[in-house]
Amino acid sequence: MASFTADSSVSARVPAHTSATTVRIEPPRAWLELRLREVWMYRELLYFFIWRDLKVRYRQTVIGVAWVVLQPLMSMGVFTIFFGRLAKLPSDGLPYPVFYFAALAPWTYFSTALTTATNVVVDNQRVITKVYFPRLILPLSSVLSGLVDFAIAFVVLVALVLGYGLRPGMQALWLPFLLLLALATALGIGLWLSALNALYRDVKYVTPFLVQFWMLASPVAYPSSLVPGKWRWLYGLNPMAGVIEGFRWALTGHGQPPGALMLASTGAVVVLLVGGLLFFQRMEGTVADLV
């Protein structure tokens with residue numbers, strides 16, 4: 001990538017005794033150069049992107065933030081009727097509403113964050129071509145802005161769990177780690193898809209199908225206990241399998257405690273995140289030309 005030079009001496013407001021400074025922007029040279037210090041320097045810009053995403057999401061909406069709760073609640077009702085009452089799928093001893101909402105809360109966060117992160121580079125093409133900033137901020141802001149919606153849904157989930165007479169125990173201390181796992185999964189896949197979407201614009205049309213297929217491959221409508229024990233580690237290569245089962249167990253004490261499933265999910269997240277960072281970093285140098 002060609003270097004860019006900014007000479008502050010062209011500004012009329014620079015005092016005469018101030019020497020001109022040159023800022024040279026160069027592409028990463030190492031195989032994995034995250035430049036986290038640079039991301040921290042632009043933290044105010046990250047905050048601005050997060051705040052802008054929230055404002056755009058709920059501007060000129062009829063029900064506003066209530067949609068964060070209504071979406072998983074309506075899905076919970078449909079799942080309870082068809083998968084629970086009619087199909088009578090097992091629920092690991094949990095009431096069907098709790099069983100499904102405990103899965104839909106983290107899943108809704110993941111699917112929304114992934115979809116938003118996929119389009120974030122193309123949606124901000126005018127900013128990318130005019131101003132330099134760490135491009136990693138864009139998918140990172142999409143993933144972090146979804147935490148606000150998740151927090152609202154999580155409050156409803158806790159109220160639902162308590163309303164059914166369930167009391168979370170010490171296993172609830174796993175919840176921050178499980179949320180971090182869901183965030184890292186959304187960021188890792190989002191880095192891949194956002195860079196690919198800058199190359200091939202039809203990626204955004206494939207993403208909804210990918211999310212739908214991923215939900216069917218995750219224990220949202222059914223428990224992972226249906227998967228034979230010898231294949232559970234393989235099933236755990238789907239990171240959201242460990243996240244969803246972990247949320248159910250951490251909040252209710254029912255379901256599968258962390259084991260081979262969680263270990264496989266954590267390993268898969270690490271691979272996806274590191275691979276996504278490598279691929280996004282490689283594309284970062286040419287992304288301004290692609291969008």
# chains A, B, ... in the order shown; residues from 1 in each chain; ligands from 1
call {"tool": "select_by_dssp", "arguments": {"residues": "range 72-270 of chain A", "states": "alpha helix (DSSP H)", "output": "VMD selection string"}}
result
chain A and resid 72 to 79 96 to 123 125 to 128 137 to 163 175 to 199 203 to 216 232 to 235 239 to 252 260 to 270
call {"tool": "residues_around", "arguments": {"residues": "Leu104 in chain A", "least_positions_apart": "4", "cutoff": "12 Å", "atoms": "only C-alpha atoms", "output": "PyMOL selection string"}}
result
chain A and resi 68-79+97-100+108-112+150+153-154+156-157+215+218-222+240+243-245+247-248
call {"tool": "write_last_selection", "arguments": {"atoms": "N, CA and C atoms", "output": "CSV table (one decimal), in the first residue's frame"}}
result
chain,number,residue,atom,x,y,z
A,68,VAL,N,-36.0,-5.3,21.0
A,68,VAL,CA,-35.0,-6.1,21.5
A,68,VAL,C,-35.6,-7.3,22.4
A,69,VAL,N,-36.6,-7.0,23.1
A,69,VAL,CA,-37.3,-8.0,23.9
A,69,VAL,C,-38.4,-8.7,23.1
A,70,LEU,N,-39.1,-8.1,22.2
A,70,LEU,CA,-40.2,-8.7,21.5
A,70,LEU,C,-39.7,-9.8,20.5
A,71,GLN,N,-38.5,-9.5,19.9
A,71,GLN,CA,-38.0,-10.5,18.9
A,71,GLN,C,-37.8,-11.9,19.6
A,72,PRO,N,-37.0,-12.0,20.7
A,72,PRO,CA,-36.8,-13.3,21.3
A,72,PRO,C,-38.0,-13.8,22.0
A,73,LEU,N,-38.9,-12.9,22.5
A,73,LEU,CA,-40.1,-13.4,23.1
A,73,LEU,C,-41.1,-14.0,22.1
A,74,MET,N,-41.2,-13.4,20.9
A,74,MET,CA,-42.1,-14.0,19.9
A,74,MET,C,-41.5,-15.4,19.4
A,75,SER,N,-40.2,-15.4,19.2
A,75,SER,CA,-39.5,-16.6,18.8
A,75,SER,C,-39.7,-17.7,19.9
A,76,MET,N,-39.6,-17.3,21.2
A,76,MET,CA,-39.8,-18.2,22.3
A,76,MET,C,-41.2,-18.8,22.3
A,77,GLY,N,-42.2,-18.0,22.0
A,77,GLY,CA,-43.6,-18.5,21.9
A,77,GLY,C,-43.8,-19.5,20.8
A,78,VAL,N,-43.2,-19.2,19.6
A,78,VAL,CA,-43.3,-20.1,18.5
A,78,VAL,C,-42.6,-21.4,18.8
A,79,PHE,N,-41.4,-21.4,19.4
A,79,PHE,CA,-40.7,-22.6,19.7
A,79,PHE,C,-41.4,-23.4,20.8
A,97,PRO,N,-40.5,-22.2,28.1
A,97,PRO,CA,-40.1,-20.8,27.9
A,97,PRO,C,-38.7,-20.4,28.4
A,98,VAL,N,-38.3,-21.0,29.5
A,98,VAL,CA,-36.9,-20.7,30.0
A,98,VAL,C,-35.9,-21.4,29.1
A,99,PHE,N,-36.2,-22.6,28.7
A,99,PHE,CA,-35.3,-23.4,27.9
A,99,PHE,C,-35.0,-22.6,26.6
A,100,TYR,N,-36.0,-22.1,26.0
A,100,TYR,CA,-35.8,-21.5,24.7
A,100,TYR,C,-35.3,-20.0,24.8
A,108,THR,N,-29.6,-14.3,19.6
A,108,THR,CA,-30.1,-13.0,18.9
A,108,THR,C,-28.9,-12.0,18.9
A,109,TYR,N,-28.2,-11.9,20.0
A,109,TYR,CA,-27.0,-11.0,20.0
A,109,TYR,C,-26.0,-11.4,18.9
A,110,PHE,N,-25.7,-12.7,18.9
A,110,PHE,CA,-24.7,-13.2,17.9
A,110,PHE,C,-25.1,-12.9,16.5
A,111,SER,N,-26.4,-13.3,16.2
A,111,SER,CA,-26.8,-13.2,14.8
A,111,SER,C,-26.9,-11.7,14.3
A,112,THR,N,-27.3,-10.8,15.2
A,112,THR,CA,-27.4,-9.4,14.9
A,112,THR,C,-26.0,-8.8,14.7
A,150,PHE,N,-28.3,-6.9,24.1
A,150,PHE,CA,-28.2,-8.1,24.9
A,150,PHE,C,-28.4,-7.8,26.4
A,153,ALA,N,-32.2,-7.7,26.9
A,153,ALA,CA,-32.8,-9.0,26.8
A,153,ALA,C,-32.3,-9.9,28.0
A,154,PHE,N,-31.1,-9.7,28.5
A,154,PHE,CA,-30.7,-10.5,29.6
A,154,PHE,C,-31.4,-10.2,30.9
A,156,VAL,N,-34.6,-9.4,31.0
A,156,VAL,CA,-35.8,-10.1,30.9
A,156,VAL,C,-35.6,-11.6,31.1
A,157,LEU,N,-34.5,-12.1,30.7
A,157,LEU,CA,-34.2,-13.6,30.9
A,157,LEU,C,-34.1,-13.9,32.4
A,215,MET,N,-28.2,-21.5,13.1
A,215,MET,CA,-29.1,-21.6,14.2
A,215,MET,C,-29.7,-23.1,14.2
A,218,SER,N,-27.2,-25.3,15.9
A,218,SER,CA,-26.9,-25.0,17.3
A,218,SER,C,-28.1,-25.4,18.1
A,219,PRO,N,-27.8,-25.7,19.4
A,219,PRO,CA,-28.9,-26.2,20.3
A,219,PRO,C,-29.8,-25.2,20.8
A,220,VAL,N,-30.5,-24.5,19.8
A,220,VAL,CA,-31.4,-23.5,20.2
A,220,VAL,C,-32.8,-24.1,20.4
A,221,ALA,N,-33.2,-24.9,19.5
A,221,ALA,CA,-34.6,-25.6,19.6
A,221,ALA,C,-34.5,-26.9,20.2
A,222,TYR,N,-33.3,-27.4,20.5
A,222,TYR,CA,-33.2,-28.8,21.1
A,222,TYR,C,-31.9,-28.8,22.0
A,240,MET,N,-21.1,-21.6,19.0
A,240,MET,CA,-22.3,-21.2,19.7
A,240,MET,C,-23.0,-22.3,20.4
A,243,VAL,N,-21.7,-21.9,23.8
A,243,VAL,CA,-22.2,-20.7,24.4
A,243,VAL,C,-23.7,-20.9,24.9
A,244,ILE,N,-24.5,-21.5,24.0
A,244,ILE,CA,-25.9,-21.6,24.3
A,244,ILE,C,-26.1,-22.6,25.5
A,245,GLU,N,-25.4,-23.8,25.4
A,245,GLU,CA,-25.6,-24.8,26.5
A,245,GLU,C,-25.0,-24.2,27.8
A,247,PHE,N,-25.0,-21.0,28.7
A,247,PHE,CA,-26.0,-20.1,29.3
A,247,PHE,C,-27.1,-20.8,30.0
A,248,ARG,N,-27.6,-21.8,29.4
A,248,ARG,CA,-28.7,-22.6,30.1
A,248,ARG,C,-28.2,-23.1,31.4
call {"tool": "residues_around", "arguments": {"residues": "Pro176 in chain A", "least_positions_apart": "3", "cutoff": "12 Å", "atoms": "only C-alpha atoms", "output": "number ranges by chain"}}
result
A: 106, 151, 171-173, 179-183, 243, 246-247, 250-251
call {"tool": "write_last_selection", "arguments": {"atoms": "N, CA and C atoms", "output": "short mmCIF file (atom, residue, chain, number, x, y, z; two decimals), in the first residue's frame"}}
result
data_model
loop_
_atom_site.label_atom_id
_atom_site.label_comp_id
_atom_site.auth_asym_id
_atom_site.auth_seq_id
_atom_site.Cartn_x
_atom_site.Cartn_y
_atom_site.Cartn_z
N PRO A 106 -28.60 -15.15 23.87
CA PRO A 106 -27.26 -15.05 23.28
C PRO A 106 -27.27 -15.23 21.76
N ALA A 151 -27.94 -6.71 26.90
CA ALA A 151 -28.14 -6.40 28.31
C ALA A 151 -29.63 -6.27 28.64
N GLN A 171 -22.58 -21.35 39.54
CA GLN A 171 -22.23 -21.54 38.13
C GLN A 171 -22.51 -20.29 37.29
N ALA A 172 -23.27 -19.33 37.87
CA ALA A 172 -23.54 -18.09 37.14
C ALA A 172 -22.27 -17.27 36.92
N LEU A 173 -21.21 -17.58 37.66
CA LEU A 173 -19.94 -16.88 37.46
C LEU A 173 -19.35 -17.18 36.08
N LEU A 179 -20.29 -14.90 27.62
CA LEU A 179 -20.58 -13.72 26.81
C LEU A 179 -19.35 -13.32 26.00
N LEU A 180 -18.17 -13.38 26.61
CA LEU A 180 -16.93 -13.08 25.89
C LEU A 180 -16.74 -14.06 24.74
N LEU A 181 -17.12 -15.31 24.94
CA LEU A 181 -17.00 -16.32 23.89
C LEU A 181 -17.93 -15.99 22.72
N ALA A 182 -19.15 -15.56 23.03
CA ALA A 182 -20.09 -15.17 21.98
C ALA A 182 -19.59 -13.93 21.24
N LEU A 183 -19.04 -12.97 21.97
CA LEU A 183 -18.50 -11.76 21.35
C LEU A 183 -17.33 -12.09 20.44
N VAL A 243 -21.67 -21.89 23.83
CA VAL A 243 -22.22 -20.67 24.42
C VAL A 243 -23.66 -20.90 24.88
N GLY A 246 -23.95 -23.41 27.65
CA GLY A 246 -23.36 -22.81 28.84
C GLY A 246 -24.31 -21.81 29.50
N PHE A 247 -25.02 -21.02 28.71
CA PHE A 247 -25.97 -20.06 29.26
C PHE A 247 -27.10 -20.78 30.00
N ALA A 250 -25.55 -22.18 33.25
CA ALA A 250 -25.11 -21.17 34.20
C ALA A 250 -26.28 -20.48 34.88
N LEU A 251 -27.40 -20.32 34.18
CA LEU A 251 -28.53 -19.61 34.75
C LEU A 251 -29.47 -20.51 35.53
#
call {"tool": "decode", "arguments": {"residues": "range 206-227 of chain A", "atoms": "N, CA and C atoms", "output": "PDB file, in the first residue's frame"}}
result
ATOM      1  N   VAL A 206     -25.633 -13.877   1.172  1.00  0.00           N
ATOM      2  CA  VAL A 206     -25.413 -15.235   1.674  1.00  0.00           C
ATOM      3  C   VAL A 206     -25.499 -15.269   3.204  1.00  0.00           C
ATOM      4  N   THR A 207     -25.197 -14.138   3.848  1.00  0.00           N
ATOM      5  CA  THR A 207     -25.142 -14.099   5.311  1.00  0.00           C
ATOM      6  C   THR A 207     -26.450 -14.511   5.982  1.00  0.00           C
ATOM      7  N   PRO A 208     -27.643 -14.029   5.538  1.00  0.00           N
ATOM      8  CA  PRO A 208     -28.884 -14.482   6.197  1.00  0.00           C
ATOM      9  C   PRO A 208     -29.079 -15.998   6.123  1.00  0.00           C
ATOM     10  N   PHE A 209     -28.727 -16.605   4.993  1.00  0.00           N
ATOM     11  CA  PHE A 209     -28.829 -18.058   4.891  1.00  0.00           C
ATOM     12  C   PHE A 209     -27.847 -18.737   5.833  1.00  0.00           C
ATOM     13  N   LEU A 210     -26.630 -18.182   5.941  1.00  0.00           N
ATOM     14  CA  LEU A 210     -25.631 -18.728   6.850  1.00  0.00           C
ATOM     15  C   LEU A 210     -26.116 -18.675   8.299  1.00  0.00           C
ATOM     16  N   VAL A 211     -26.718 -17.545   8.687  1.00  0.00           N
ATOM     17  CA  VAL A 211     -27.221 -17.391  10.054  1.00  0.00           C
ATOM     18  C   VAL A 211     -28.353 -18.377  10.328  1.00  0.00           C
ATOM     19  N   GLN A 212     -29.251 -18.539   9.359  1.00  0.00           N
ATOM     20  CA  GLN A 212     -30.364 -19.471   9.530  1.00  0.00           C
ATOM     21  C   GLN A 212     -29.865 -20.911   9.662  1.00  0.00           C
ATOM     22  N   PHE A 213     -28.936 -21.302   8.810  1.00  0.00           N
ATOM     23  CA  PHE A 213     -28.366 -22.646   8.884  1.00  0.00           C
ATOM     24  C   PHE A 213     -27.625 -22.847  10.194  1.00  0.00           C
ATOM     25  N   TRP A 214     -26.903 -21.816  10.643  1.00  0.00           N
ATOM     26  CA  TRP A 214     -26.134 -21.906  11.877  1.00  0.00           C
ATOM     27  C   TRP A 214     -27.051 -22.112  13.075  1.00  0.00           C
ATOM     28  N   MET A 215     -28.221 -21.459  13.060  1.00  0.00           N
ATOM     29  CA  MET A 215     -29.146 -21.632  14.172  1.00  0.00           C
ATOM     30  C   MET A 215     -29.659 -23.063  14.234  1.00  0.00           C
ATOM     31  N   LEU A 216     -29.943 -23.661  13.087  1.00  0.00           N
ATOM     32  CA  LEU A 216     -30.398 -25.049  13.057  1.00  0.00           C
ATOM     33  C   LEU A 216     -29.306 -26.009  13.517  1.00  0.00           C
ATOM     34  N   ALA A 217     -28.051 -25.613  13.313  1.00  0.00           N
ATOM     35  CA  ALA A 217     -26.931 -26.449  13.734  1.00  0.00           C
ATOM     36  C   ALA A 217     -26.525 -26.185  15.178  1.00  0.00           C
ATOM     37  N   SER A 218     -27.225 -25.285  15.857  1.00  0.00           N
ATOM     38  CA  SER A 218     -26.937 -24.951  17.251  1.00  0.00           C
ATOM     39  C   SER A 218     -28.086 -25.437  18.134  1.00  0.00           C
ATOM     40  N   PRO A 219     -27.819 -25.709  19.404  1.00  0.00           N
ATOM     41  CA  PRO A 219     -28.863 -26.236  20.297  1.00  0.00           C
ATOM     42  C   PRO A 219     -29.823 -25.161  20.785  1.00  0.00           C
ATOM     43  N   VAL A 220     -30.466 -24.476  19.846  1.00  0.00           N
ATOM     44  CA  VAL A 220     -31.449 -23.454  20.198  1.00  0.00           C
ATOM     45  C   VAL A 220     -32.809 -24.093  20.440  1.00  0.00           C
ATOM     46  N   ALA A 221     -33.245 -24.935  19.499  1.00  0.00           N
ATOM     47  CA  ALA A 221     -34.565 -25.565  19.596  1.00  0.00           C
ATOM     48  C   ALA A 221     -34.511 -26.944  20.233  1.00  0.00           C
ATOM     49  N   TYR A 222     -33.331 -27.432  20.514  1.00  0.00           N
ATOM     50  CA  TYR A 222     -33.177 -28.769  21.086  1.00  0.00           C
ATOM     51  C   TYR A 222     -31.940 -28.769  21.989  1.00  0.00           C
ATOM     52  N   PRO A 223     -31.858 -29.681  22.944  1.00  0.00           N
ATOM     53  CA  PRO A 223     -30.678 -29.743  23.811  1.00  0.00           C
ATOM     54  C   PRO A 223     -29.535 -30.506  23.158  1.00  0.00           C
ATOM     55  N   SER A 224     -28.319 -30.182  23.515  1.00  0.00           N
ATOM     56  CA  SER A 224     -27.165 -30.890  22.955  1.00  0.00           C
ATOM     57  C   SER A 224     -27.058 -32.308  23.497  1.00  0.00           C
ATOM     58  N   SER A 225     -27.861 -32.631  24.521  1.00  0.00           N
ATOM     59  CA  SER A 225     -27.849 -33.992  25.057  1.00  0.00           C
ATOM     60  C   SER A 225     -28.354 -35.004  24.038  1.00  0.00           C
ATOM     61  N   LEU A 226     -29.034 -34.539  22.994  1.00  0.00           N
ATOM     62  CA  LEU A 226     -29.473 -35.442  21.929  1.00  0.00           C
ATOM     63  C   LEU A 226     -28.306 -35.919  21.072  1.00  0.00           C
ATOM     64  N   VAL A 227     -27.190 -35.182  21.128  1.00  0.00           N
ATOM     65  CA  VAL A 227     -26.004 -35.567  20.356  1.00  0.00           C
ATOM     66  C   VAL A 227     -25.279 -36.673  21.120  1.00  0.00           C
TER      67      VAL A 227
END
